[in-house]
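Reviewing the structure listed below.
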Amino acid sequence: MKKLTYQEKFIRTDKEARATFILSLVIFVFFFVSIFVFMDENVFILGMPLWFVLSCLGGYLLSVAGVVILVRFFMQDFSLDDEEHSRE
Amino acid sequence: MNNLILVPIAIFLLTLMVVSYFSQKNLNKKGSNFSKEYFIADRKLGGFVLAMTLVATYGSVSSFVSGPGVAWNLGFGWVAFAAPQIITGFLLLGIIGNKLALVARKTDAVTIIDIIHARYQNSSLTLILSIVMLVFFTAMVVGQFVGGAQIFAAITGLDYSIGLFIFATVTVIYTSSGFKAVAITDTICAILMLVGMFTLGYVIIRDGGGFMHIMETLSQKDVGADGISRHFKVNADGLLPFSLLFSAWFLVGFFTLALPQSCVRALAYKKTSDLHMAMIVATVVCGALMIGMTLLGVLSAGVIADKPQNGTDAIIPLLIATHMSPIIAGITIIGPLAATMSTVSSLLIAASSSVVSDIAKQLSHGRKAEDGAPSQVTPVLAQKKLPTILITLLIGSISILLALYPQDIVVWINLFAFGGLESAFIWPIVLGLFWKRMNAGGALLGVIFSLGIYILCMAYGIKILSFHNVLIGALSGLVFSILGTYCFKAPNLQIQEIFFPHKCKEQQ
């Protein structure tokens, strides 16, 4: 685990917050794009309308995959305790 | 009525009692900090429990009953309304989780109001928000109790008040054991909610003659002018406008990150690795549960053809009561009961914390905070074990009474409690954590306008282009938060060093 100062931890959390927010926006956009593009197509997958399969089921898979990538590549472990002051 | 249905329910209730009894043993340890132990489990939650308690708190009886009922009527379009919940599993934890955890450790905060107090040092603001929490939480607890008792009565055939009394009393008693008991029972509840969903799914597909056959049945129901069933349309033949779908992304999506009963969980986990694991688990479980249950509502139209007399809320209870053997029905009904109880327990303990640690503090030495000196975060009352437990029991008992004798006002408050909590807490929390300039004046104005306009719009049925009123409230709250902030001084240095250490470097 990396040693960070209280300040550096906040720089980290801000970065991670930004990455999380971007992921949620990507899912939001994906959801509406798949609805608007395919809502009038009369195509069915396993009996379910295509817009639904893409936006809801696809959106779910996207968010699971997205959060795995987010945690693996955009987040780091650090100690939540205040290390600088604990020795005093 | 077959009594076999009660066997799984009895085992379930008994298990919760036993588990909570053992999880509270730590409370008696000498030298431990009681309120830290009681309200946030001594900041020792692991990733899996954190994820499950978040999902169980969030998933309520309406996720199991009302939502699927509407989906039975409207079809896939309504599942799209539940879909924004695919982001709620990770949004809160990823955006404010670690920051709340860091600040809470720095200031010794055990409630969200403690954090808000540390950030704004304004006793009017904390008092208003504590009361908002207490009122909305109590109304929501009553709403959950009523919903849970109704489904219990519909399925078992037992009297409404007997069912209510049994499971509500169990919930209140185990909640009084503290946050650790709540989190662990939540985990059990979340797993049983998934089990209930699977048995329901199995029975619906079996009795509907297979998945493809159900789709076939659906395509011939409620066919519109264009020859296509409304069940397959995203706007359900005009019943679901897009502005409402857009609003759903805020009401059950983005704004859920400010729900105080969820936020408080960020004060309770142990390590960042727990947070990371919880983000993944919560996203998987929350999405599966919310989309899954609503989808089952759509499919149930292939099994139940006509609208029940008591409205669409009766669809799921009817399925359980008439399409399942007693034992399976008993196991399935645990799903909605678990959803009810896990939501209630979290609301109840948060309501109790808002009385014991926040409101009591304000009343005893409310003025102290304004001296600028950091006031003691946990007040004397919250350190005492007996009064704290008694207050949890008291709020619980009041809620049970209100559910036994439903009052119009409580039903009414419950209707806009969810959006009300979001509109009150969103800006003090989000702007407070990410905007250094944000101050108490801005927060106060923001809360008053956000909540006020939201409630006014709800009460008078004011609509703007069918957007949900939570959007109108929150938007005006944002404007007034910013205006208010620029009318008053920036927060003092001491606050900045705790909340924005990386943005006031010149102080080193």
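Lettering and numbering for the structure tokens are positional, with chains as A, B, ... in the shown order, residues counted from 1 in each chain, and ligands counted from 1 in the shown order.
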
Exercise. Can you list every residue in segment 403-452 of chain B that DSSP puts in helix (DSSP H, G or I), as a count of residues only?
Worked result: 41

Using only C-alpha atoms, I'd like a table of the residues in chain B that come within 7 Å of chain A; for each, show the closest atom pair and its distance in Å rounded to one decimal, ordered by chain and ascending number, as CSV.
residue,atom,partner,partner_atom,distance
B:Phe76,CA,A:Phe52,CA,6.9
B:Ala80,CA,A:Cys56,CA,6.3
B:Ala83,CA,A:Cys56,CA,5.8
B:Ile86,CA,A:Tyr60,CA,5.8
B:Ile87,CA,A:Ser24,CA,6.2
B:Leu91,CA,A:Thr20,CA,6.6
B:Gly94,CA,A:Thr20,CA,5.5
B:Ile95,CA,A:Ala17,CA,4.0
B:Ile96,CA,A:Ala17,CA,6.8
B:Asn98,CA,A:Thr13,CA,6.4
B:Lys99,CA,A:Thr13,CA,6.3
B:Ala101,CA,A:Leu80,CA,7.0
B:Leu102,CA,A:Leu80,CA,5.7
B:Arg105,CA,A:Asp81,CA,6.8
B:Met212,CA,A:Gly47,CA,6.2
B:Met215,CA,A:Gly47,CA,5.5
B:Phe232,CA,A:Pro49,CA,6.1
B:Val234,CA,A:Met39,CA,6.8
B:Lys271,CA,A:Leu80,CA,6.5
B:Thr272,CA,A:Asp77,CA,5.5
B:Ser273,CA,A:Asp77,CA,6.0
B:His276,CA,A:Val71,CA,5.9
B:Ile280,CA,A:Val67,CA,6.1
B:Thr283,CA,A:Val64,CA,6.2
B:Val284,CA,A:Val64,CA,6.1
B:Gly287,CA,A:Tyr60,CA,6.3
B:Pro501,CA,A:Gln7,CA,5.1
B:His502,CA,A:Gln7,CA,4.8

Problem set entry | Distance query segment 457-470 of chain B at most 12 Å, only C-alpha atoms, self and fewer than 5 positions along chain excluded, as a PyMOL selection string | chain B and resi 239-256+409+412-426+449-452+475-477

Problem set entry | All residues 10 Å or closer to Thr156 of chain B, only C-alpha atoms, same chain fewer than 5 positions away omitted, as a list in words |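 Near Thr156 of chain B, the qualifying residues are Met1, Asn2, Asn3, Leu4, Ile5, Leu6, Ile151, Gly163, Pro317, Ile320, Ala321, Pro326, Ala329, Gly330 and Ile333 of chain B.
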
Just-selected residues, C-alpha atoms written as a PDB file, in the first residue's frame:
ATOM      1  CA  MET B   1     -54.835 -21.531   4.948  1.00  0.00           C
ATOM      2  CA  ASN B   2     -51.823 -23.757   5.180  1.00  0.00           C
ATOM      3  CA  ASN B   3     -49.640 -23.154   8.199  1.00  0.00           C
ATOM      4  CA  LEU B   4     -46.575 -24.581   6.445  1.00  0.00           C
ATOM      5  CA  ILE B   5     -46.065 -21.159   4.856  1.00  0.00           C
ATOM      6  CA  LEU B   6     -45.222 -19.769   8.280  1.00  0.00           C
ATOM      7  CA  ILE B 151     -48.175  -8.334   1.716  1.00  0.00           C
ATOM      8  CA  GLY B 163     -48.353  -9.717  10.929  1.00  0.00           C
ATOM      9  CA  PRO B 317     -48.727 -11.196  -3.584  1.00  0.00           C
ATOM     10  CA  ILE B 320     -47.030 -15.988  -4.389  1.00  0.00           C
ATOM     11  CA  ALA B 321     -50.369 -16.931  -2.873  1.00  0.00           C
ATOM     12  CA  PRO B 326     -46.762 -23.367   0.898  1.00  0.00           C
ATOM     13  CA  ALA B 329     -44.418 -19.362  -0.906  1.00  0.00           C
ATOM     14  CA  GLY B 330     -42.995 -19.022   2.604  1.00  0.00           C
ATOM     15  CA  ILE B 333     -42.427 -13.940   0.823  1.00  0.00           C
TER      16      ILE B 333
END

For this session: Find the residues near Ile173 of chain B: any atom within 10 Å, counting only C-alpha atoms, skip ones fewer than 4 places away on the same chain, and give them as a VMD selection string.
Result: chain B and resid 17 20 to 21 167 to 169 177 to 178 345 389 392 to 393 396 to 397

For this session: Compile the contact shell of Gly311 of chain B as a ChimeraX atom specification: residues with an atom at most 12 Å away, counting only C-alpha atoms, same-chain residues fewer than 3 positions apart removed.
Result: /B:65-66,69-70,72-73,306-308,314-318

For this session: Write out as a list in words which residues come within 12 Å of Gly46 of chain B when counting only C-alpha atoms, dropping same-chain ones fewer than 5 positions away.
Result: Ala41, Ala51, Met52, Thr53, Lys180, Ala183, Ile184, Thr187, Arg265, Ala266, Ala268, Tyr269, Lys270, Lys271, Thr272, Ser273, Asp274, Leu275, His276, Met277, Ala278, Met279 and Val281 of chain B

Output of the above residues as a tab-separated table (two decimals), in the first residue's frame, restricted to C-alpha atoms:
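Heads up, here's the output in again39.tsv:
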chain	number	residue	atom	x	y	z
B	41	ALA	CA	-19.72	-0.56	14.01
B	51	ALA	CA	-22.11	-3.74	-0.41
B	52	MET	CA	-24.99	-5.84	0.87
B	53	THR	CA	-26.09	-3.35	3.53
B	180	LYS	CA	-23.29	-3.91	13.32
B	183	ALA	CA	-25.37	-4.38	8.66
B	184	ILE	CA	-25.13	-8.13	9.23
B	187	THR	CA	-26.54	-8.88	4.40
B	265	ARG	CA	-22.21	3.65	5.47
B	266	ALA	CA	-19.15	5.42	4.10
B	268	ALA	CA	-18.29	2.59	8.67
B	269	TYR	CA	-16.02	0.58	6.38
B	270	LYS	CA	-12.50	-0.32	7.33
B	271	LYS	CA	-10.17	0.00	4.34
B	272	THR	CA	-10.10	1.38	0.79
B	273	SER	CA	-9.91	-2.19	-0.51
B	274	ASP	CA	-13.28	-2.83	1.19
B	275	LEU	CA	-14.72	0.14	-0.66
B	276	HIS	CA	-13.41	-1.14	-3.98
B	277	MET	CA	-14.84	-4.60	-3.46
B	278	ALA	CA	-18.16	-3.13	-2.30
B	279	MET	CA	-18.43	-1.02	-5.48
B	281	VAL	CA	-20.51	-6.32	-5.50

For this session: If you run DSSP over the backbone, which residues in segment 15-82 of chain A end up strand (DSSP E or B)? Put them as a ChimeraX atom specification.
Result: /A:44-45,48-49,78

Exercise. Do you have the atom CA of Phe198 of chain B-atom CA of Ser300 of chain B distance handy?
Worked result: 13.4 Å
